[in-house]
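*Asks:* Take a look at query30.pdb, PDB, C-alpha atoms, pLDDT in the B column:
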```pdb
MODEL        1
ATOM      1  CA  MET A   1     -14.780 -31.082  23.329  1.00 43.00           C
ATOM      2  CA  SER A   2     -15.771 -33.833  25.753  1.00 50.00           C
ATOM      3  CA  GLY A   3     -15.151 -33.550  29.460  1.00 49.00           C
ATOM      4  CA  HIS A   4     -12.309 -36.032  29.271  1.00 54.00           C
ATOM      5  CA  SER A   5     -10.629 -34.126  26.443  1.00 51.00           C
ATOM      6  CA  HIS A   6     -11.100 -30.833  28.261  1.00 52.00           C
ATOM      7  CA  TRP A   7      -9.475 -32.263  31.375  1.00 50.00           C
ATOM      8  CA  ALA A   8      -6.594 -33.589  29.268  1.00 54.00           C
ATOM      9  CA  THR A   9      -6.084 -30.107  27.834  1.00 51.00           C
ATOM     10  CA  ILE A  10      -5.855 -28.585  31.304  1.00 48.00           C
ATOM     11  CA  ARG A  11      -3.380 -31.267  32.372  1.00 52.00           C
ATOM     12  CA  ARG A  12      -1.196 -30.610  29.311  1.00 48.00           C
ATOM     13  CA  LYS A  13      -0.970 -26.962  30.361  1.00 48.00           C
ATOM     14  CA  LYS A  14       0.336 -28.174  33.708  1.00 50.00           C
ATOM     15  CA  GLY A  15       2.692 -30.673  32.069  1.00 50.00           C
ATOM     16  CA  ALA A  16       5.792 -28.928  33.372  1.00 45.00           C
ATOM     17  CA  GLN A  17       4.887 -30.214  36.838  1.00 50.00           C
ATOM     18  CA  ASP A  18       5.102 -33.796  35.605  1.00 51.00           C
ATOM     19  CA  ALA A  19       8.432 -33.077  33.941  1.00 49.00           C
ATOM     20  CA  LYS A  20       9.829 -31.744  37.204  1.00 49.00           C
ATOM     21  CA  ARG A  21       8.794 -34.964  38.926  1.00 46.00           C
ATOM     22  CA  GLY A  22      10.633 -36.968  36.316  1.00 52.00           C
ATOM     23  CA  ALA A  23       7.523 -39.072  35.706  1.00 66.00           C
ATOM     24  CA  ILE A  24       6.641 -37.971  32.209  1.00 74.00           C
ATOM     25  CA  PHE A  25       9.263 -40.106  30.408  1.00 79.00           C
ATOM     26  CA  THR A  26       8.057 -43.201  32.242  1.00 81.00           C
ATOM     27  CA  ARG A  27       4.445 -42.551  31.262  1.00 80.00           C
ATOM     28  CA  LEU A  28       5.303 -41.782  27.642  1.00 84.00           C
ATOM     29  CA  ALA A  29       7.540 -44.832  27.339  1.00 87.00           C
ATOM     30  CA  ARG A  30       4.864 -47.143  28.695  1.00 86.00           C
ATOM     31  CA  GLU A  31       2.339 -45.688  26.275  1.00 86.00           C
ATOM     32  CA  ILE A  32       4.724 -46.511  23.411  1.00 91.00           C
ATOM     33  CA  VAL A  33       5.318 -50.016  24.774  1.00 90.00           C
ATOM     34  CA  MET A  34       1.597 -50.817  24.929  1.00 88.00           C
ATOM     35  CA  ALA A  35       0.894 -49.307  21.516  1.00 88.00           C
ATOM     36  CA  ALA A  36       3.689 -51.346  19.938  1.00 91.00           C
ATOM     37  CA  ARG A  37       2.600 -54.499  21.743  1.00 88.00           C
ATOM     38  CA  ASP A  38      -0.998 -54.181  20.562  1.00 85.00           C
ATOM     39  CA  GLY A  39      -0.482 -52.875  17.019  1.00 86.00           C
ATOM     40  CA  GLY A  40       3.099 -53.618  15.994  1.00 89.00           C
ATOM     41  CA  GLY A  41       6.238 -51.518  15.828  1.00 91.00           C
ATOM     42  CA  ASP A  42       5.576 -49.656  12.587  1.00 91.00           C
ATOM     43  CA  PRO A  43       4.091 -46.186  13.224  1.00 88.00           C
ATOM     44  CA  GLY A  44       3.136 -46.064   9.548  1.00 84.00           C
ATOM     45  CA  THR A  45       0.481 -48.720  10.133  1.00 84.00           C
ATOM     46  CA  ASN A  46      -0.123 -48.242  13.872  1.00 86.00           C
ATOM     47  CA  VAL A  47      -2.030 -45.018  14.553  1.00 82.00           C
ATOM     48  CA  ARG A  48      -1.802 -45.358  18.323  1.00 84.00           C
ATOM     49  CA  LEU A  49       1.973 -45.850  18.153  1.00 88.00           C
ATOM     50  CA  ALA A  50       2.438 -42.894  15.815  1.00 86.00           C
ATOM     51  CA  LEU A  51       0.565 -40.658  18.243  1.00 82.00           C
ATOM     52  CA  ALA A  52       2.518 -42.002  21.235  1.00 86.00           C
ATOM     53  CA  ILE A  53       5.799 -41.269  19.440  1.00 89.00           C
ATOM     54  CA  ASP A  54       4.635 -37.747  18.586  1.00 83.00           C
ATOM     55  CA  LYS A  55       3.796 -37.148  22.250  1.00 81.00           C
ATOM     56  CA  ALA A  56       7.193 -38.491  23.308  1.00 85.00           C
ATOM     57  CA  ARG A  57       9.005 -36.203  20.886  1.00 84.00           C
ATOM     58  CA  ALA A  58       6.950 -33.237  22.068  1.00 74.00           C
ATOM     59  CA  GLY A  59       8.039 -34.150  25.600  1.00 75.00           C
ATOM     60  CA  ASN A  60      11.705 -34.114  24.497  1.00 82.00           C
ATOM     61  CA  MET A  61      12.180 -37.836  25.009  1.00 86.00           C
ATOM     62  CA  PRO A  62      15.497 -38.949  23.450  1.00 89.00           C
ATOM     63  CA  LYS A  63      15.318 -40.982  20.255  1.00 91.00           C
ATOM     64  CA  ASP A  64      17.086 -43.948  21.902  1.00 92.00           C
ATOM     65  CA  ASN A  65      14.413 -44.083  24.625  1.00 90.00           C
ATOM     66  CA  ILE A  66      11.656 -44.115  22.016  1.00 92.00           C
ATOM     67  CA  GLU A  67      13.302 -46.888  20.003  1.00 92.00           C
ATOM     68  CA  ARG A  68      13.929 -48.944  23.143  1.00 90.00           C
ATOM     69  CA  ALA A  69      10.279 -48.605  24.180  1.00 90.00           C
ATOM     70  CA  ILE A  70       9.123 -49.783  20.754  1.00 92.00           C
ATOM     71  CA  LYS A  71      11.407 -52.816  20.971  1.00 90.00           C
ATOM     72  CA  ARG A  72      10.074 -53.651  24.429  1.00 87.00           C
ATOM     73  CA  GLY A  73       6.557 -53.548  23.049  1.00 87.00           C
ATOM     74  CA  THR A  74       7.328 -55.795  20.103  1.00 87.00           C
ATOM     75  CA  GLY A  75       9.316 -58.212  22.282  1.00 81.00           C
ATOM     76  CA  ASP A  76      12.679 -57.485  20.639  1.00 78.00           C
ATOM     77  CA  ASP A  77      14.043 -56.110  23.920  1.00 71.00           C
ATOM     78  CA  LYS A  78      13.554 -58.328  26.975  1.00 67.00           C
ATOM     79  CA  GLU A  79      15.177 -55.959  29.470  1.00 67.00           C
ATOM     80  CA  GLY A  80      13.270 -54.116  32.172  1.00 59.00           C
ATOM     81  CA  GLY A  81      10.694 -56.734  33.114  1.00 65.00           C
ATOM     82  CA  THR A  82       7.181 -57.302  31.884  1.00 77.00           C
ATOM     83  CA  ILE A  83       4.860 -54.342  31.467  1.00 81.00           C
ATOM     84  CA  GLU A  84       1.135 -55.026  31.475  1.00 84.00           C
ATOM     85  CA  GLN A  85      -2.034 -53.015  31.136  1.00 87.00           C
ATOM     86  CA  VAL A  86      -4.699 -53.382  33.808  1.00 92.00           C
ATOM     87  CA  VAL A  87      -7.853 -51.452  34.629  1.00 95.00           C
ATOM     88  CA  TYR A  88      -8.869 -50.992  38.268  1.00 97.00           C
ATOM     89  CA  GLU A  89     -12.414 -50.089  39.299  1.00 97.00           C
ATOM     90  CA  GLY A  90     -13.494 -47.967  42.223  1.00 97.00           C
ATOM     91  CA  TYR A  91     -15.458 -45.069  43.606  1.00 97.00           C
ATOM     92  CA  GLY A  92     -14.271 -41.571  44.432  1.00 95.00           C
ATOM     93  CA  PRO A  93     -15.873 -38.956  46.672  1.00 94.00           C
ATOM     94  CA  HIS A  94     -19.679 -38.642  46.515  1.00 94.00           C
ATOM     95  CA  GLY A  95     -20.043 -42.031  44.823  1.00 94.00           C
ATOM     96  CA  VAL A  96     -18.483 -41.037  41.493  1.00 95.00           C
ATOM     97  CA  ALA A  97     -17.495 -44.136  39.503  1.00 96.00           C
ATOM     98  CA  PHE A  98     -13.826 -44.468  38.479  1.00 97.00           C
ATOM     99  CA  MET A  99     -12.176 -46.681  35.867  1.00 96.00           C
ATOM    100  CA  ILE A 100      -8.410 -46.359  36.347  1.00 96.00           C
ATOM    101  CA  ASP A 101      -6.255 -47.432  33.401  1.00 93.00           C
ATOM    102  CA  CYS A 102      -2.734 -48.488  34.419  1.00 92.00           C
ATOM    103  CA  VAL A 103       0.363 -49.606  32.590  1.00 87.00           C
ATOM    104  CA  THR A 104       2.690 -51.118  35.149  1.00 88.00           C
ATOM    105  CA  ASP A 105       5.532 -53.525  35.838  1.00 85.00           C
ATOM    106  CA  ASN A 106       4.326 -54.010  39.421  1.00 89.00           C
ATOM    107  CA  ARG A 107       0.619 -54.645  40.059  1.00 92.00           C
ATOM    108  CA  ASN A 108       1.039 -54.698  43.823  1.00 94.00           C
ATOM    109  CA  ARG A 109       2.535 -51.212  43.847  1.00 94.00           C
ATOM    110  CA  ALA A 110      -0.100 -49.857  41.467  1.00 94.00           C
ATOM    111  CA  VAL A 111      -3.096 -51.159  43.394  1.00 96.00           C
ATOM    112  CA  ALA A 112      -1.647 -50.104  46.767  1.00 96.00           C
ATOM    113  CA  GLU A 113      -1.123 -46.514  45.601  1.00 96.00           C
ATOM    114  CA  ILE A 114      -4.555 -46.292  44.005  1.00 97.00           C
ATOM    115  CA  ARG A 115      -6.262 -47.729  47.102  1.00 96.00           C
ATOM    116  CA  HIS A 116      -4.413 -45.222  49.297  1.00 96.00           C
ATOM    117  CA  HIS A 117      -5.548 -42.220  47.231  1.00 95.00           C
ATOM    118  CA  LEU A 118      -9.152 -43.393  46.981  1.00 96.00           C
ATOM    119  CA  SER A 119      -9.405 -44.198  50.690  1.00 96.00           C
ATOM    120  CA  ARG A 120      -7.894 -40.862  51.700  1.00 95.00           C
ATOM    121  CA  ALA A 121     -10.541 -39.085  49.579  1.00 94.00           C
ATOM    122  CA  GLY A 122     -13.412 -41.095  51.034  1.00 94.00           C
ATOM    123  CA  GLY A 123     -13.663 -43.536  48.153  1.00 95.00           C
ATOM    124  CA  ASN A 124     -12.827 -47.210  47.751  1.00 96.00           C
ATOM    125  CA  MET A 125     -11.661 -49.906  45.356  1.00 96.00           C
ATOM    126  CA  ALA A 126     -14.304 -52.161  43.792  1.00 96.00           C
ATOM    127  CA  GLU A 127     -14.441 -55.713  42.502  1.00 93.00           C
ATOM    128  CA  VAL A 128     -13.972 -56.371  38.792  1.00 92.00           C
ATOM    129  CA  GLY A 129     -17.224 -55.624  36.989  1.00 93.00           C
ATOM    130  CA  ALA A 130     -18.802 -53.705  39.866  1.00 95.00           C
ATOM    131  CA  VAL A 131     -18.132 -50.383  38.137  1.00 96.00           C
ATOM    132  CA  GLY A 132     -17.315 -51.380  34.570  1.00 95.00           C
ATOM    133  CA  TRP A 133     -20.930 -52.009  33.587  1.00 96.00           C
ATOM    134  CA  GLN A 134     -21.532 -48.260  33.842  1.00 95.00           C
ATOM    135  CA  PHE A 135     -19.128 -47.566  30.951  1.00 96.00           C
ATOM    136  CA  ASP A 136     -18.741 -48.385  27.270  1.00 95.00           C
ATOM    137  CA  ARG A 137     -15.279 -48.819  25.772  1.00 92.00           C
ATOM    138  CA  LYS A 138     -14.947 -46.698  22.633  1.00 92.00           C
ATOM    139  CA  ALA A 139     -12.330 -45.609  20.112  1.00 90.00           C
ATOM    140  CA  VAL A 140     -11.874 -41.830  20.153  1.00 91.00           C
ATOM    141  CA  PHE A 141     -10.127 -39.435  17.772  1.00 91.00           C
ATOM    142  CA  GLY A 142      -9.729 -35.705  18.258  1.00 91.00           C
ATOM    143  CA  PHE A 143      -8.283 -33.014  15.989  1.00 91.00           C
ATOM    144  CA  PRO A 144      -8.718 -29.317  15.085  1.00 91.00           C
ATOM    145  CA  VAL A 145     -11.429 -28.462  12.548  1.00 92.00           C
ATOM    146  CA  ALA A 146      -8.759 -26.555  10.620  1.00 92.00           C
ATOM    147  CA  LEU A 147      -7.352 -29.905   9.477  1.00 93.00           C
ATOM    148  CA  LEU A 148     -10.670 -31.281   8.192  1.00 92.00           C
ATOM    149  CA  ASP A 149     -14.043 -29.539   8.218  1.00 91.00           C
ATOM    150  CA  PHE A 150     -16.973 -31.112  10.018  1.00 94.00           C
ATOM    151  CA  ASP A 151     -18.894 -32.297   6.926  1.00 94.00           C
ATOM    152  CA  LYS A 152     -15.873 -34.128   5.523  1.00 94.00           C
ATOM    153  CA  ALA A 153     -14.997 -35.544   8.929  1.00 94.00           C
ATOM    154  CA  PHE A 154     -18.584 -36.720   9.388  1.00 95.00           C
ATOM    155  CA  GLU A 155     -18.648 -38.467   6.008  1.00 94.00           C
ATOM    156  CA  LEU A 156     -15.228 -40.051   6.485  1.00 94.00           C
ATOM    157  CA  ALA A 157     -16.007 -41.278   9.982  1.00 94.00           C
ATOM    158  CA  LEU A 158     -19.382 -42.784   9.180  1.00 93.00           C
ATOM    159  CA  GLU A 159     -17.961 -44.625   6.173  1.00 93.00           C
ATOM    160  CA  ALA A 160     -15.393 -46.179   8.517  1.00 93.00           C
ATOM    161  CA  GLY A 161     -18.007 -47.250  11.070  1.00 93.00           C
ATOM    162  CA  ALA A 162     -18.089 -44.396  13.621  1.00 94.00           C
ATOM    163  CA  ASP A 163     -20.964 -43.978  16.073  1.00 94.00           C
ATOM    164  CA  ASP A 164     -20.825 -40.204  16.424  1.00 93.00           C
ATOM    165  CA  VAL A 165     -18.986 -37.093  15.244  1.00 94.00           C
ATOM    166  CA  THR A 166     -19.197 -33.841  17.200  1.00 92.00           C
ATOM    167  CA  GLN A 167     -17.723 -30.375  16.979  1.00 91.00           C
ATOM    168  CA  GLU A 168     -17.231 -28.009  19.878  1.00 85.00           C
ATOM    169  CA  GLY A 169     -15.522 -24.750  19.064  1.00 85.00           C
ATOM    170  CA  GLU A 170     -12.459 -25.509  16.972  1.00 88.00           C
ATOM    171  CA  ASP A 171     -12.266 -29.194  17.883  1.00 90.00           C
ATOM    172  CA  ILE A 172     -13.781 -32.264  16.245  1.00 93.00           C
ATOM    173  CA  GLU A 173     -14.210 -35.563  18.064  1.00 93.00           C
ATOM    174  CA  ILE A 174     -15.020 -38.939  16.522  1.00 94.00           C
ATOM    175  CA  ILE A 175     -16.392 -41.745  18.700  1.00 94.00           C
ATOM    176  CA  ALA A 176     -16.529 -45.264  17.326  1.00 94.00           C
ATOM    177  CA  PRO A 177     -16.632 -48.944  18.248  1.00 94.00           C
ATOM    178  CA  VAL A 178     -13.233 -50.314  19.262  1.00 89.00           C
ATOM    179  CA  GLU A 179     -13.131 -52.518  16.176  1.00 89.00           C
ATOM    180  CA  ALA A 180     -13.328 -49.436  13.922  1.00 91.00           C
ATOM    181  CA  PHE A 181     -10.185 -47.868  15.403  1.00 88.00           C
ATOM    182  CA  LYS A 182      -7.802 -48.897  12.625  1.00 85.00           C
ATOM    183  CA  ALA A 183     -10.223 -48.131   9.774  1.00 90.00           C
ATOM    184  CA  ILE A 184     -10.859 -44.595  11.029  1.00 91.00           C
ATOM    185  CA  GLY A 185      -7.190 -44.001  11.772  1.00 87.00           C
ATOM    186  CA  ASP A 186      -6.248 -45.114   8.262  1.00 87.00           C
ATOM    187  CA  LYS A 187      -8.817 -42.806   6.670  1.00 91.00           C
ATOM    188  CA  LEU A 188      -7.704 -39.819   8.737  1.00 91.00           C
ATOM    189  CA  ARG A 189      -4.079 -40.471   7.836  1.00 86.00           C
ATOM    190  CA  ALA A 190      -4.975 -40.774   4.161  1.00 89.00           C
ATOM    191  CA  ALA A 191      -6.755 -37.421   4.421  1.00 91.00           C
ATOM    192  CA  GLY A 192      -3.608 -35.833   5.856  1.00 90.00           C
ATOM    193  CA  VAL A 193      -5.083 -35.314   9.322  1.00 90.00           C
ATOM    194  CA  GLN A 194      -2.611 -35.393  12.191  1.00 83.00           C
ATOM    195  CA  VAL A 195      -4.797 -36.210  15.175  1.00 84.00           C
ATOM    196  CA  GLU A 196      -4.156 -34.794  18.627  1.00 82.00           C
ATOM    197  CA  GLU A 197      -5.879 -37.710  20.343  1.00 82.00           C
ATOM    198  CA  ALA A 198      -6.298 -41.299  19.220  1.00 82.00           C
ATOM    199  CA  GLY A 199      -7.015 -44.071  21.660  1.00 81.00           C
ATOM    200  CA  LEU A 200      -9.510 -46.119  23.591  1.00 85.00           C
ATOM    201  CA  ARG A 201     -11.652 -44.474  26.235  1.00 89.00           C
ATOM    202  CA  MET A 202     -14.206 -45.613  28.783  1.00 92.00           C
ATOM    203  CA  ILE A 203     -17.311 -43.453  28.287  1.00 92.00           C
ATOM    204  CA  ALA A 204     -19.947 -43.329  31.024  1.00 93.00           C
ATOM    205  CA  LYS A 205     -23.434 -44.448  30.034  1.00 93.00           C
ATOM    206  CA  GLN A 206     -24.952 -41.933  32.457  1.00 93.00           C
ATOM    207  CA  ASP A 207     -23.332 -38.950  34.149  1.00 92.00           C
ATOM    208  CA  VAL A 208     -23.597 -37.912  37.796  1.00 92.00           C
ATOM    209  CA  GLU A 209     -24.076 -34.209  38.534  1.00 91.00           C
ATOM    210  CA  LEU A 210     -22.697 -32.642  41.728  1.00 92.00           C
ATOM    211  CA  SER A 211     -22.315 -29.127  43.110  1.00 90.00           C
ATOM    212  CA  LEU A 212     -19.429 -26.977  41.884  1.00 88.00           C
ATOM    213  CA  ASP A 213     -17.340 -27.521  45.025  1.00 88.00           C
ATOM    214  CA  GLN A 214     -18.010 -31.267  45.045  1.00 92.00           C
ATOM    215  CA  THR A 215     -17.113 -31.525  41.349  1.00 90.00           C
ATOM    216  CA  VAL A 216     -13.816 -29.719  41.879  1.00 87.00           C
ATOM    217  CA  GLN A 217     -13.101 -32.003  44.846  1.00 90.00           C
ATOM    218  CA  VAL A 218     -13.585 -35.109  42.694  1.00 92.00           C
ATOM    219  CA  LEU A 219     -11.446 -33.736  39.861  1.00 89.00           C
ATOM    220  CA  LYS A 220      -8.647 -33.040  42.339  1.00 89.00           C
ATOM    221  CA  VAL A 221      -8.707 -36.752  43.190  1.00 93.00           C
ATOM    222  CA  VAL A 222      -8.616 -37.586  39.468  1.00 92.00           C
ATOM    223  CA  GLU A 223      -5.575 -35.348  39.088  1.00 87.00           C
ATOM    224  CA  ALA A 224      -3.816 -36.961  42.060  1.00 91.00           C
ATOM    225  CA  LEU A 225      -4.424 -40.433  40.622  1.00 93.00           C
ATOM    226  CA  GLU A 226      -3.202 -39.414  37.168  1.00 88.00           C
ATOM    227  CA  GLU A 227       0.046 -38.192  38.701  1.00 85.00           C
ATOM    228  CA  LEU A 228       0.872 -41.735  39.853  1.00 89.00           C
ATOM    229  CA  ASP A 229       3.593 -43.268  37.681  1.00 84.00           C
ATOM    230  CA  ASP A 230       1.556 -46.390  36.891  1.00 89.00           C
ATOM    231  CA  VAL A 231      -1.648 -44.571  35.945  1.00 90.00           C
ATOM    232  CA  GLN A 232      -2.186 -43.682  32.305  1.00 86.00           C
ATOM    233  CA  ASP A 233      -5.757 -42.413  32.522  1.00 88.00           C
ATOM    234  CA  VAL A 234      -8.712 -42.059  34.861  1.00 93.00           C
ATOM    235  CA  PHE A 235     -12.249 -42.247  33.466  1.00 94.00           C
ATOM    236  CA  HIS A 236     -15.296 -41.243  35.488  1.00 94.00           C
ATOM    237  CA  ASN A 237     -19.029 -40.610  35.224  1.00 93.00           C
ATOM    238  CA  LEU A 238     -18.948 -37.075  36.614  1.00 91.00           C
ATOM    239  CA  LYS A 239     -20.667 -34.322  34.651  1.00 87.00           C
ATOM    240  CA  VAL A 240     -18.480 -31.225  34.571  1.00 82.00           C
ATOM    241  CA  SER A 241     -19.915 -27.801  33.733  1.00 77.00           C
ATOM    242  CA  ASP A 242     -18.188 -24.947  31.908  1.00 75.00           C
ATOM    243  CA  GLU A 243     -18.113 -23.106  35.237  1.00 78.00           C
ATOM    244  CA  VAL A 244     -15.981 -25.873  36.734  1.00 73.00           C
ATOM    245  CA  TRP A 245     -13.551 -25.878  33.785  1.00 71.00           C
ATOM    246  CA  GLU A 246     -13.156 -22.114  34.113  1.00 75.00           C
ATOM    247  CA  LYS A 247     -12.413 -22.469  37.816  1.00 71.00           C
ATOM    248  CA  LEU A 248      -9.815 -25.189  37.216  1.00 67.00           C
ATOM    249  CA  GLU A 249      -8.132 -23.323  34.372  1.00 69.00           C
ATOM    250  CA  ALA A 250      -7.860 -20.233  36.564  1.00 69.00           C
ATOM    251  CA  GLU A 251      -6.020 -22.081  39.351  1.00 64.00           C
TER
ENDMDL
END
```
Now that the file is in, can you turn its structure into structure tokens?
*Replies:*
Amino acid sequence: MSGHSHWATIRRKKGAQDAKRGAIFTRLAREIVMAARDGGGDPGTNVRLALAIDKARAGNMPKDNIERAIKRGTGDDKEGGTIEQVVYEGYGPHGVAFMIDCVTDNRNRAVAEIRHHLSRAGGNMAEVGAVGWQFDRKAVFGFPVALLDFDKAFELALEAGADDVTQEGEDIEIIAPVEAFKAIGDKLRAAGVQVEEAGLRMIAKQDVELSLDQTVQVLKVVEALEELDDVQDVFHNLKVSDEVWEKLEAE
């Protein structure tokens, strides 16, 4: 499992904290809105939307909220203002590069909150392109090996245009060009695989390695940013060891 996926797993275990803050419905709804806007309102043909709906149901989001979010994404519901997706670039502690993916109805609020958190941690915002060149945008799928063994997953993924297929423990991850997202999603669906992750991710071209304490410090900043209502995801170029994951999981 990649560092980003591992971090997502830890955050899911702490998901009750988000629910208490009342932020989780907002984040899930915006994920549905963007998925529907980009790929249409039919989860049968939109892998990203199907996954977003599954996440919303797992989070106990009411059916009416889900349907309303889909309609906002497709433009059938004009209420609630315009939601847009924007990626902010910056640096965290110790020069770690951040790409911060937001879905927001208020850019000014989003950028002000992100700048505040980065500055407080000793980091800073960056101009467009100043950080982005250090990352590649990729389509990523993740699912348990119990649903499809590695050899079959490897063959399926490569036929659909994937760059890489890896297995770590009981998890398989497929990484592919963005343009192969639909083809791979369709093949996985046809094979009866219900993915746990399907989306676009910024993957660092080269990782930065820090001490254990420094790494934990940076990941605490990542967590604080991801708790902001407008932030959907935070990507970084920090290399995280198994020792760090064990420390975070134990907290």
*Asks:* Ranking A:Gly73, A:Gly161, A:Pro62, A:Gly132 by minimum distance to Glu89 of chain A and counting only C-alpha atoms, which one comes first?
*Replies:* A:Gly132
*Asks:* Counting all atoms listed in the file, which of A:Phe181, A:Lys205, A:Leu148, A:Glu127 gets nearest to Gly39 of chain A?
*Replies:* A:Phe181
*Asks:* Hey, what's within 9 Å of Ala29 of chain A if we count only C-alpha atoms and toss same-chain stuff fewer than 4 positions away? As a list in words, please?
*Replies:*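 Using only C-alpha atoms, the neighbours found are Ile24, Phe25, Val33, Met34, Ala52, Ile53, Ala56, Met61, Asn65, Ile66, Arg68, Ala69 and Ile70 of chain A.
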*Asks:* Those selected residues, please, written with C-alpha atoms and delivered as a CSV table (one decimal), keeping the file's coordinate frame.
*Replies:*
```csv
chain,number,residue,atom,x,y,z
A,24,ILE,CA,6.6,-38.0,32.2
A,25,PHE,CA,9.3,-40.1,30.4
A,33,VAL,CA,5.3,-50.0,24.8
A,34,MET,CA,1.6,-50.8,24.9
A,52,ALA,CA,2.5,-42.0,21.2
A,53,ILE,CA,5.8,-41.3,19.4
A,56,ALA,CA,7.2,-38.5,23.3
A,61,MET,CA,12.2,-37.8,25.0
A,65,ASN,CA,14.4,-44.1,24.6
A,66,ILE,CA,11.7,-44.1,22.0
A,68,ARG,CA,13.9,-48.9,23.1
A,69,ALA,CA,10.3,-48.6,24.2
A,70,ILE,CA,9.1,-49.8,20.8
```
*Asks:* Please indicate the distance in Å from atom CA of Thr74 of chain A to atom CA of Asp230 of chain A, rounded to one decimal place.
*Replies:*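 Distance between the two atoms: 20.1 Å.
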*Asks:* In terms of the shortest atom-to-atom distance over all atoms listed in the file, which of A:His94, A:Leu228, A:Ser241, A:Asp233 is closest to Glu113 of chain A?
*Replies:* A:Leu228
*Asks:* Which protein, DNA or RNA residues are at most 8 Å from (-10.5, -48.2, 33.4) in the file's coordinates when you count all atoms listed in the file, listed as a ChimeraX atom specification?
*Replies:* /A:86-89,98-102,132,202,233-235
*Asks:* Could you write out as a PyMOL selection string the residues that the PyMOL selection byres ((chain A and resi 149-157) around 12) matches in the shown file?
*Replies:* chain A and resi 139-148+158-177+180-193+195
*Asks:* Have a look at atom CA of Pro93 of chain A and atom CA of Glu197 of chain A and let me know their distance in Å, one decimal.
*Replies:*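 Interatomic distance, atom CA of Pro93 of chain A to atom CA of Glu197 of chain A: 28.2 Å.
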*Asks:* Would you translate the PyMOL selection byres ((chain A and resi 220) around 12) into the concrete set of residues it matches in this file, as a short mmCIF file (atom, residue, chain, number, x, y, z; two decimals) with C-alpha atoms, keeping the file's coordinate frame?
*Replies:*
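File part.cif, as written:
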```cif
data_model
loop_
_atom_site.label_atom_id
_atom_site.label_comp_id
_atom_site.auth_asym_id
_atom_site.auth_seq_id
_atom_site.Cartn_x
_atom_site.Cartn_y
_atom_site.Cartn_z
CA TRP A 7 -9.48 -32.26 31.38
CA ARG A 11 -3.38 -31.27 32.37
CA GLY A 92 -14.27 -41.57 44.43
CA PRO A 93 -15.87 -38.96 46.67
CA HIS A 117 -5.55 -42.22 47.23
CA LEU A 118 -9.15 -43.39 46.98
CA ALA A 121 -10.54 -39.08 49.58
CA ASP A 213 -17.34 -27.52 45.02
CA GLN A 214 -18.01 -31.27 45.04
CA THR A 215 -17.11 -31.52 41.35
CA VAL A 216 -13.82 -29.72 41.88
CA GLN A 217 -13.10 -32.00 44.85
CA VAL A 218 -13.58 -35.11 42.69
CA LEU A 219 -11.45 -33.74 39.86
CA VAL A 221 -8.71 -36.75 43.19
CA VAL A 222 -8.62 -37.59 39.47
CA GLU A 223 -5.58 -35.35 39.09
CA ALA A 224 -3.82 -36.96 42.06
CA LEU A 225 -4.42 -40.43 40.62
CA GLU A 226 -3.20 -39.41 37.17
CA GLU A 227 0.05 -38.19 38.70
CA VAL A 234 -8.71 -42.06 34.86
CA VAL A 244 -15.98 -25.87 36.73
CA LEU A 248 -9.82 -25.19 37.22
CA GLU A 251 -6.02 -22.08 39.35
#
```
